[in-house]
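Dumped structure_30.json below, it's JSON, C-alpha atoms and all ligand atoms:
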[["chain", "number", "residue", "atom", "x", "y", "z"],
["A", 1, "MET", "CA", -66.86, 94.42, -65.06],
["A", 2, "VAL", "CA", -66.05, 95.82, -61.62],
["A", 3, "HIS", "CA", -65.71, 92.28, -60.31],
["A", 4, "PHE", "CA", -63.45, 91.43, -63.20],
["A", 5, "ILE", "CA", -61.13, 94.38, -62.55],
["A", 6, "ALA", "CA", -61.06, 93.61, -58.83],
["A", 7, "TYR", "CA", -60.16, 90.03, -59.66],
["A", 8, "VAL", "CA", -57.35, 91.05, -62.01],
["A", 9, "MET", "CA", -55.92, 93.47, -59.41],
["A", 10, "ALA", "CA", -56.09, 90.88, -56.64],
["A", 11, "THR", "CA", -54.41, 88.30, -58.85],
["A", 12, "ALA", "CA", -51.68, 90.76, -59.81],
["A", 13, "PHE", "CA", -50.88, 91.46, -56.17],
["A", 14, "VAL", "CA", -50.92, 87.80, -55.26],
["A", 15, "THR", "CA", -48.46, 86.82, -58.00],
["A", 16, "VAL", "CA", -45.97, 89.46, -56.81],
["A", 17, "THR", "CA", -45.81, 88.34, -53.21],
["A", 18, "ALA", "CA", -46.77, 84.67, -53.11],
["A", 19, "SER", "CA", -44.06, 82.10, -52.62],
["A", 20, "GLN", "CA", -45.15, 78.53, -52.46],
["A", 21, "LEU", "CA", -42.61, 76.22, -50.89],
["A", 22, "GLU", "CA", -42.65, 73.16, -53.11],
["A", 23, "CYS", "CA", -41.28, 69.64, -52.88],
["A", 24, "PRO", "CA", -40.13, 67.26, -55.60],
["A", 25, "ASP", "CA", -42.85, 64.80, -56.66],
["A", 26, "GLY", "CA", -43.46, 62.13, -54.05],
["A", 27, "PHE", "CA", -42.02, 64.24, -51.20],
["A", 28, "SER", "CA", -44.11, 65.81, -48.40],
["A", 29, "LEU", "CA", -43.47, 69.27, -47.03],
["A", 30, "TYR", "CA", -42.88, 69.81, -43.34],
["A", 31, "LYS", "CA", -41.60, 73.20, -42.17],
["A", 32, "ASN", "CA", -38.79, 74.09, -44.55],
["A", 33, "TYR", "CA", -37.88, 70.59, -45.70],
["A", 34, "CYS", "CA", -39.23, 67.79, -47.89],
["A", 35, "TYR", "CA", -39.56, 64.16, -46.81],
["A", 36, "TYR", "CA", -39.99, 60.97, -48.77],
["A", 37, "LEU", "CA", -41.27, 57.65, -47.49],
["A", 38, "GLY", "CA", -39.59, 54.88, -49.45],
["A", 39, "ASP", "CA", -41.08, 51.47, -50.20],
["A", 40, "ALA", "CA", -40.19, 48.40, -48.19],
["A", 41, "GLY", "CA", -37.63, 45.92, -49.52],
["A", 42, "TYR", "CA", -34.36, 47.82, -49.16],
["A", 43, "ASP", "CA", -31.61, 47.11, -46.63],
["A", 44, "PHE", "CA", -30.02, 50.08, -44.88],
["A", 45, "ASN", "CA", -27.29, 50.74, -47.47],
["A", 46, "GLU", "CA", -29.71, 50.37, -50.37],
["A", 47, "ALA", "CA", -32.10, 52.78, -48.67],
["A", 48, "GLU", "CA", -29.26, 55.31, -48.33],
["A", 49, "ASP", "CA", -28.54, 54.93, -52.05],
["A", 50, "GLU", "CA", -32.21, 55.42, -52.92],
["A", 51, "CYS", "CA", -32.29, 58.66, -50.92],
["A", 52, "ASP", "CA", -29.06, 59.81, -52.57],
["A", 53, "GLU", "CA", -30.56, 59.30, -56.03],
["A", 54, "LYS", "CA", -33.34, 61.65, -54.99],
["A", 55, "HIS", "CA", -30.82, 64.33, -53.88],
["A", 56, "SER", "CA", -31.74, 63.60, -50.28],
["A", 57, "GLU", "CA", -30.44, 61.55, -47.37],
["A", 58, "LEU", "CA", -31.83, 59.23, -44.72],
["A", 59, "VAL", "CA", -33.50, 61.50, -42.21],
["A", 60, "THR", "CA", -31.71, 62.55, -39.05],
["A", 61, "ILE", "CA", -34.41, 63.50, -36.59],
["A", 62, "SER", "CA", -33.53, 66.73, -34.85],
["A", 63, "SER", "CA", -36.65, 67.82, -32.99],
["A", 64, "SER", "CA", -39.64, 66.26, -31.27],
["A", 65, "LYS", "CA", -41.97, 68.01, -33.74],
["A", 66, "GLU", "CA", -40.08, 66.51, -36.65],
["A", 67, "LYS", "CA", -40.37, 63.11, -34.96],
["A", 68, "THR", "CA", -44.14, 63.59, -34.64],
["A", 69, "PHE", "CA", -44.39, 64.44, -38.33],
["A", 70, "ILE", "CA", -42.40, 61.35, -39.33],
["A", 71, "LYS", "CA", -44.44, 59.12, -37.03],
["A", 72, "LYS", "CA", -47.59, 60.35, -38.74],
["A", 73, "LEU", "CA", -46.07, 59.74, -42.17],
["A", 74, "LEU", "CA", -45.34, 56.13, -41.13],
["A", 75, "LYS", "CA", -48.67, 55.53, -39.36],
["A", 76, "ASP", "CA", -50.70, 56.90, -42.28],
["A", 77, "ASP", "CA", -48.90, 54.39, -44.44],
["A", 78, "ASP", "CA", -49.34, 51.47, -42.01],
["A", 79, "ALA", "CA", -45.59, 50.97, -42.00],
["A", 80, "THR", "CA", -44.05, 48.63, -39.44],
["A", 81, "GLY", "CA", -40.51, 49.97, -39.51],
["A", 82, "ALA", "CA", -38.32, 52.49, -41.33],
["A", 83, "TRP", "CA", -34.61, 53.17, -41.69],
["A", 84, "ILE", "CA", -33.41, 56.53, -40.42],
["A", 85, "ARG", "CA", -29.87, 57.78, -39.82],
["A", 86, "ALA", "CA", -28.48, 58.50, -36.42],
["A", 87, "ASP", "CA", -26.00, 61.32, -36.21],
["A", 88, "GLU", "CA", -23.57, 60.51, -33.45],
["A", 89, "SER", "CA", -21.37, 63.49, -34.20],
["A", 90, "GLY", "CA", -23.43, 65.69, -31.95],
["A", 91, "ARG", "CA", -24.49, 68.03, -34.74],
["A", 92, "ASP", "CA", -28.05, 66.89, -34.17],
["A", 93, "ALA", "CA", -27.72, 66.10, -30.52],
["A", 94, "LEU", "CA", -31.49, 65.92, -30.14],
["A", 95, "THR", "CA", -31.45, 62.63, -32.05],
["A", 96, "LYS", "CA", -30.17, 61.08, -28.87],
["A", 97, "ALA", "CA", -32.77, 62.73, -26.66],
["A", 98, "LYS", "CA", -35.55, 60.77, -25.03],
["A", 99, "PHE", "CA", -38.06, 61.04, -27.85],
["A", 100, "VAL", "CA", -35.95, 58.68, -29.91],
["A", 101, "LYS", "CA", -34.96, 56.23, -27.22],
["A", 102, "LYS", "CA", -32.66, 53.57, -28.52],
["A", 103, "VAL", "CA", -33.47, 49.88, -28.29],
["A", 104, "VAL", "CA", -30.49, 47.65, -29.13],
["A", 105, "ASP", "CA", -30.87, 44.42, -31.11],
["A", 106, "LYS", "CA", -28.37, 42.09, -29.40],
["A", 107, "THR", "CA", -28.71, 39.39, -32.07],
["A", 108, "SER", "CA", -26.77, 41.11, -34.85],
["A", 109, "ASP", "CA", -23.26, 42.56, -35.25],
["A", 110, "ARG", "CA", -24.14, 45.21, -37.81],
["A", 111, "LYS", "CA", -26.44, 47.75, -36.28],
["A", 112, "CYS", "CA", -28.34, 50.39, -38.21],
["A", 113, "ASP", "CA", -30.89, 52.87, -37.01],
["A", 114, "ALA", "CA", -34.59, 52.45, -37.54],
["A", 115, "LEU", "CA", -37.93, 53.43, -36.12],
["A", 116, "SER", "CA", -40.22, 50.56, -35.21],
["A", 117, "SER", "CA", -43.98, 50.51, -34.87],
["A", 118, "ALA", "CA", -43.77, 47.57, -32.44],
["A", 119, "LEU", "CA", -41.68, 49.75, -30.11],
["A", 120, "ALA", "CA", -44.06, 52.71, -30.26],
["A", 121, "TRP", "CA", -41.76, 54.26, -32.86],
["A", 122, "LYS", "CA", -38.73, 54.38, -30.62],
["A", 123, "ARG", "CA", -35.37, 54.40, -32.31],
["A", 124, "GLU", "CA", -34.13, 50.83, -32.67],
["A", 125, "GLU", "CA", -30.79, 49.42, -33.76],
["A", 126, "LYS", "CA", -31.49, 46.67, -36.24],
["A", 127, "ASP", "CA", -29.51, 44.30, -38.40],
["A", 128, "CYS", "CA", -28.54, 46.48, -41.40],
["A", 129, "ASP", "CA", -29.25, 43.70, -43.91],
["A", 130, "ILE", "CA", -32.93, 43.29, -43.07],
["A", 131, "LYS", "CA", -35.15, 44.15, -46.02],
["A", 132, "ASP", "CA", -38.56, 42.73, -45.20],
["A", 133, "GLY", "CA", -41.00, 45.25, -43.83],
["A", 134, "MET", "CA", -38.42, 48.01, -43.63],
["A", 135, "LYS", "CA", -39.37, 51.26, -45.29],
["A", 136, "PHE", "CA", -37.13, 54.32, -45.14],
["A", 137, "VAL", "CA", -37.49, 58.08, -44.74],
["A", 138, "CYS", "CA", -35.41, 60.52, -46.79],
["A", 139, "LYS", "CA", -35.07, 64.25, -46.16],
["A", 140, "THR", "CA", -33.92, 66.75, -48.78],
["A", 141, "ARG", "CA", -30.43, 68.22, -48.37],
["A", 142, "THR", "CA", -31.73, 71.61, -49.41],
["A", 143, "LEU", "CA", -34.68, 73.43, -47.96],
["A", 144, "ALA", "CA", -37.92, 73.05, -49.92],
["A", 145, "GLN", "CA", -37.80, 74.77, -53.29],
["A", 146, "THR", "CA", -39.67, 77.35, -55.30],
["A", 147, "CYS", "CA", -40.02, 76.87, -59.04],
["A", 148, "THR", "CA", -40.39, 79.11, -62.07],
["A", 149, "SER", "CA", -40.95, 77.97, -65.64],
["A", 150, "ARG", "CA", -37.17, 77.66, -66.17],
["A", 151, "THR", "CA", -35.84, 76.12, -62.98],
["A", 152, "CYS", "CA", -36.32, 75.50, -59.26],
["A", 153, "PHE", "CA", -34.46, 77.45, -56.57],
["A", 154, "ALA", "CA", -33.52, 75.88, -53.26],
["A", 155, "LEU", "CA", -31.37, 76.96, -50.35],
["A", 156, "PHE", "CA", -28.48, 74.68, -49.38],
["A", 157, "PRO", "CA", -28.06, 75.40, -45.67],
["A", 158, "GLU", "CA", -24.40, 74.50, -45.08],
["A", 159, "ARG", "CA", -21.84, 77.26, -45.36],
["A", 160, "ASP", "CA", -18.92, 77.13, -47.78],
["A", 161, "TYR", "CA", -16.65, 79.26, -49.99],
["A", 162, "HIS", "CA", -18.14, 80.32, -53.33],
["A", 163, "SER", "CA", -16.32, 77.50, -55.16],
["A", 164, "GLY", "CA", -17.45, 74.94, -52.58],
["A", 165, "ALA", "CA", -21.01, 76.23, -52.80],
["A", 166, "GLN", "CA", -20.94, 75.66, -56.56],
["A", 167, "THR", "CA", -19.76, 72.09, -55.94],
["A", 168, "GLN", "CA", -22.54, 71.53, -53.40],
["A", 169, "CYS", "CA", -25.19, 72.70, -55.87],
["A", 170, "GLU", "CA", -23.66, 70.51, -58.60],
["A", 171, "SER", "CA", -23.88, 67.48, -56.32],
["A", 172, "LEU", "CA", -27.65, 68.10, -56.32],
["A", 173, "GLY", "CA", -27.72, 68.05, -60.12],
["A", 174, "GLY", "CA", -27.84, 71.85, -60.39],
["A", 175, "SER", "CA", -25.60, 74.87, -59.98],
["A", 176, "LEU", "CA", -25.48, 78.12, -58.03],
["A", 177, "ALA", "CA", -28.52, 80.25, -58.82],
["A", 178, "SER", "CA", -28.74, 82.81, -61.61],
["A", 179, "ILE", "CA", -31.53, 85.32, -62.00],
["A", 180, "ARG", "CA", -32.61, 85.43, -65.64],
["A", 181, "SER", "CA", -35.81, 87.48, -65.52],
["A", 182, "GLU", "CA", -37.90, 89.84, -63.44],
["A", 183, "GLU", "CA", -40.18, 86.88, -62.68],
["A", 184, "GLU", "CA", -37.24, 84.93, -61.25],
["A", 185, "SER", "CA", -36.03, 87.88, -59.22],
["A", 186, "LYS", "CA", -39.45, 88.20, -57.58],
["A", 187, "ALA", "CA", -39.79, 84.45, -57.02],
["A", 188, "VAL", "CA", -36.35, 84.19, -55.39],
["A", 189, "LYS", "CA", -36.91, 87.20, -53.12],
["A", 190, "ALA", "CA", -40.28, 85.87, -51.97],
["A", 191, "TYR", "CA", -38.67, 82.47, -51.37],
["A", 192, "LEU", "CA", -35.81, 83.92, -49.31],
["A", 193, "ASP", "CA", -38.30, 86.00, -47.30],
["A", 194, "LYS", "CA", -40.26, 82.87, -46.57],
["A", 195, "VAL", "CA", -37.42, 80.57, -45.56],
["A", 196, "SER", "CA", -35.59, 83.22, -43.57],
["A", 197, "GLY", "CA", -38.80, 83.79, -41.62],
["A", 198, "ASN", "CA", -39.17, 80.23, -40.47],
["A", 199, "THR", "CA", -35.74, 78.68, -40.39],
["A", 200, "GLN", "CA", -34.22, 78.06, -37.01],
["A", 201, "LEU", "CA", -30.99, 76.63, -38.33],
["A", 202, "PHE", "CA", -29.15, 79.88, -38.91],
["A", 203, "ALA", "CA", -29.68, 83.59, -39.18],
["A", 204, "LEU", "CA", -30.06, 84.03, -42.91],
["A", 205, "HIS", "CA", -28.13, 87.17, -43.80],
["A", 206, "ASP", "CA", -26.84, 86.63, -47.30],
["A", 207, "VAL", "CA", -26.60, 83.81, -49.83],
["A", 208, "TRP", "CA", -24.22, 82.92, -52.65],
["A", 209, "THR", "CA", -25.45, 83.23, -56.23],
["A", 210, "ALA", "CA", -23.71, 82.27, -59.49],
["A", 211, "GLY", "CA", -22.73, 85.90, -60.17],
["A", 212, "SER", "CA", -18.99, 86.59, -60.60],
["A", 213, "ASP", "CA", -16.61, 89.14, -62.14],
["A", 214, "GLU", "CA", -13.58, 86.98, -61.43],
["A", 215, "ASP", "CA", -12.53, 86.72, -65.10],
["A", 216, "THR", "CA", -12.66, 90.44, -65.93],
["A", 217, "GLU", "CA", -13.16, 93.06, -63.23],
["A", 218, "THR", "CA", -16.59, 94.81, -63.44],
["A", 219, "GLU", "CA", -17.87, 92.41, -66.12],
["A", 220, "TRP", "CA", -20.48, 90.37, -64.28],
["A", 221, "TYR", "CA", -21.53, 86.96, -65.50],
["A", 222, "TRP", "CA", -23.62, 84.09, -64.20],
["A", 223, "HIS", "CA", -21.38, 81.02, -64.05],
["A", 224, "THR", "CA", -23.82, 78.12, -64.12],
["A", 225, "ASP", "CA", -23.64, 74.59, -65.29],
["A", 226, "GLY", "CA", -20.46, 75.10, -67.28],
["A", 227, "GLU", "CA", -21.85, 78.12, -69.13],
["A", 228, "LYS", "CA", -21.10, 81.80, -68.70],
["A", 229, "VAL", "CA", -23.97, 84.24, -69.27],
["A", 230, "LYS", "CA", -23.50, 88.02, -69.23],
["A", 231, "ILE", "CA", -25.85, 89.71, -66.78],
["A", 232, "PRO", "CA", -27.89, 92.27, -68.73],
["A", 233, "ASP", "CA", -27.86, 95.79, -67.26],
["A", 234, "ASP", "CA", -31.63, 95.92, -66.99],
["A", 235, "LEU", "CA", -31.64, 92.91, -64.66],
["A", 236, "THR", "CA", -28.98, 94.09, -62.24],
["A", 237, "ASP", "CA", -30.17, 94.73, -58.71],
["A", 238, "TRP", "CA", -27.15, 96.02, -56.79],
["A", 239, "LYS", "CA", -27.37, 97.59, -53.37],
["A", 240, "THR", "CA", -26.46, 101.26, -53.22],
["A", 241, "ASP", "CA", -22.71, 101.82, -53.76],
["A", 242, "GLU", "CA", -22.18, 98.21, -54.82],
["A", 243, "PRO", "CA", -20.36, 96.52, -56.44],
["A", 244, "ASN", "CA", -17.37, 98.21, -54.78],
["A", 245, "ASN", "CA", -14.77, 95.43, -55.21],
["A", 246, "VAL", "CA", -13.11, 95.88, -51.82],
["A", 247, "ASP", "CA", -13.91, 94.42, -48.42],
["A", 248, "THR", "CA", -13.01, 95.69, -44.96],
["A", 249, "ARG", "CA", -9.77, 93.68, -45.07],
["A", 250, "GLY", "CA", -8.72, 95.22, -48.39],
["A", 251, "ARG", "CA", -9.43, 92.04, -50.37],
["A", 252, "SER", "CA", -11.01, 92.16, -53.82],
["A", 253, "GLU", "CA", -14.65, 91.18, -54.20],
["A", 254, "ASN", "CA", -15.53, 89.02, -57.21],
["A", 255, "CYS", "CA", -18.47, 86.88, -56.06],
["A", 256, "MET", "CA", -22.10, 87.90, -55.70],
["A", 257, "VAL", "CA", -24.44, 87.45, -52.76],
["A", 258, "MET", "CA", -28.06, 88.48, -52.26],
["A", 259, "VAL", "CA", -28.42, 90.32, -48.95],
["A", 260, "SER", "CA", -31.35, 90.51, -46.52],
["A", 261, "PRO", "CA", -33.75, 92.12, -45.96],
["A", 262, "ASP", "CA", -34.46, 93.14, -49.58],
["A", 263, "TRP", "CA", -32.09, 90.58, -51.17],
["A", 264, "LYS", "CA", -30.33, 93.10, -53.37],
["A", 265, "TRP", "CA", -26.88, 92.22, -54.66],
["A", 266, "ASN", "CA", -23.45, 92.82, -53.16],
["A", 267, "ASP", "CA", -20.01, 91.73, -54.31],
["A", 268, "VAL", "CA", -17.98, 90.04, -51.57],
["A", 269, "ASN", "CA", -14.71, 88.14, -51.35],
["A", 270, "CYS", "CA", -15.14, 84.65, -52.82],
["A", 271, "ARG", "CA", -13.61, 83.06, -49.73],
["A", 272, "GLU", "CA", -16.33, 84.24, -47.41],
["A", 273, "TRP", "CA", -18.22, 81.43, -45.73],
["A", 274, "LYS", "CA", -21.90, 81.45, -46.72],
["A", 275, "VAL", "CA", -24.94, 79.33, -47.44],
["A", 276, "SER", "CA", -25.86, 78.94, -51.10],
["A", 277, "LEU", "CA", -28.88, 79.40, -53.28],
["A", 278, "CYS", "CA", -28.92, 76.62, -55.85],
["A", 279, "GLU", "CA", -30.92, 76.27, -59.03],
["A", 280, "ILE", "CA", -31.97, 72.73, -59.79],
["A", 281, "PRO", "CA", -33.59, 71.69, -63.08],
["A", 282, "ASN", "CA", -37.37, 71.58, -62.86],
["A", 283, "VAL", "CA", -37.68, 67.84, -63.35],
["A", 284, "ASN", "CA", -39.06, 65.09, -61.23],
["A", 285, "PRO", "CA", -35.98, 63.71, -59.44],
["A", 286, "ILE", "CA", -37.75, 60.44, -58.65],
["A", 287, "THR", "CA", -38.14, 59.32, -62.24],
["A", 288, "GLY", "CA", -35.37, 61.51, -63.68],
["B", 1, "CA", "CA", -14.75, 92.45, -58.56],
["B", 2, "CA", "CA", -19.14, 94.89, -51.97]]
Just give me the structure of the file as structure tokens.
Amino acid sequence: MVHFIAYVMATAFVTVTASQLECPDGFSLYKNYCYYLGDAGYDFNEAEDECDEKHSELVTISSSKEKTFIKKLLKDDDATGAWIRADESGRDALTKAKFVKKVVDKTSDRKCDALSSALAWKREEKDCDIKDGMKFVCKTRTLAQTCTSRTCFALFPERDYHSGAQTQCESLGGSLASIRSEEESKAVKAYLDKVSGNTQLFALHDVWTAGSDEDTETEWYWHTDGEKVKIPDDLTDWKTDEPNNVDTRGRSENCMVMVSPDWKWNDVNCREWKVSLCEIPNVNPITG
């Protein structure tokens, strides 16, 4: 009996604090992101489309550790080559660093980026139309997710206005996140704790949610997926003295963020520039 009680207590504590970063089926977790190794038989453009269907994109390698992880993914699979995407804009300048040395194929006009086993996994520019033997590696556009029985939550790491954030989440087949239960509140807070602890992309201060009182001042609703759901009083989680509906520049505040370190709610101006927390239906995006 004592053991049983101890077990129940331990389990109760674990369920409050645990946040498992999860990936869609078929994807592998590395740090905060999920990666998918696609089958051979796709040219570069087709591989890009395949990634897009899985709400991901051809991977842009941005660190030597990430390169090591991808190399292992390819070696474990006995792959000979895989499409990746070079980012020449400089956003991921490390792509051009020595760990992905570029080898140019002089025989073709159309050049696309790949990693090649024959070149010790250096970055190689290949004819984009090659299909034989070419696998591809996709990386999720959001960070890895955490799922509850209703939905999965995932952070989209590029900043935007509230309206743009909603569009970004919709492009992933979801919408900005709503918190519908105590269980979801706990899951989201544990998730944000986890990703803010190990992301190096940005200092995670606050994140957009689907909460808004734009239609009628002080009446807060979740605006998700074309529906409007009133936020019940017993689920509200405002910071002290919020919502206050005025920012330091005298602008009204009609959009909700969750704020670190305890991820309580604040109303801010909808044209602030923030990363977004999306909710994405809990389905397998590979077969769905
Ligand atoms: Ca307001
Ligand atoms: Ca406020």
* To do: Could you give me, as a PyMOL selection string, the residues within 9 Å of A:Asp267, counting only C-alpha atoms and dropping anything in the same chain fewer than 3 positions from it?
  => chain A and resi 211-213+238+242-247+253-258+270
* To do: Kindly provide, as a VMD selection string, the polymer residues lying within 9 Å of (-33.7, 84.0, -47.1), counting all atoms listed in the file and using the coordinates exactly as they appear in the file.
  => chain A and resid 155 188 to 197 199 203 to 207 258 to 261 263
* Structure fact -> Counting all atoms listed in the file, closest pick from A:Ala47, A:Thr80, A:Glu170, A:Thr140 relative to A:Cys112 is A:Ala47
* Would you mind reading off the distance between atom CA of A:Leu143 and atom CA of A:Ala120, one decimal, in Å? =>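 The value is 28.8 Å.
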As lines of an AutoDock Vina configuration file, please report the centre and edge lengths, rounded to one decimal in Å, of the axis-aligned box that holds all listed atoms of stretch 17-36 of chain A with 3 Å of padding on each of the six sides.
center_x = -42.3
center_y = 74.7
center_z = -49.4
size_x = 14.9
size_y = 33.4
size_z = 20.5
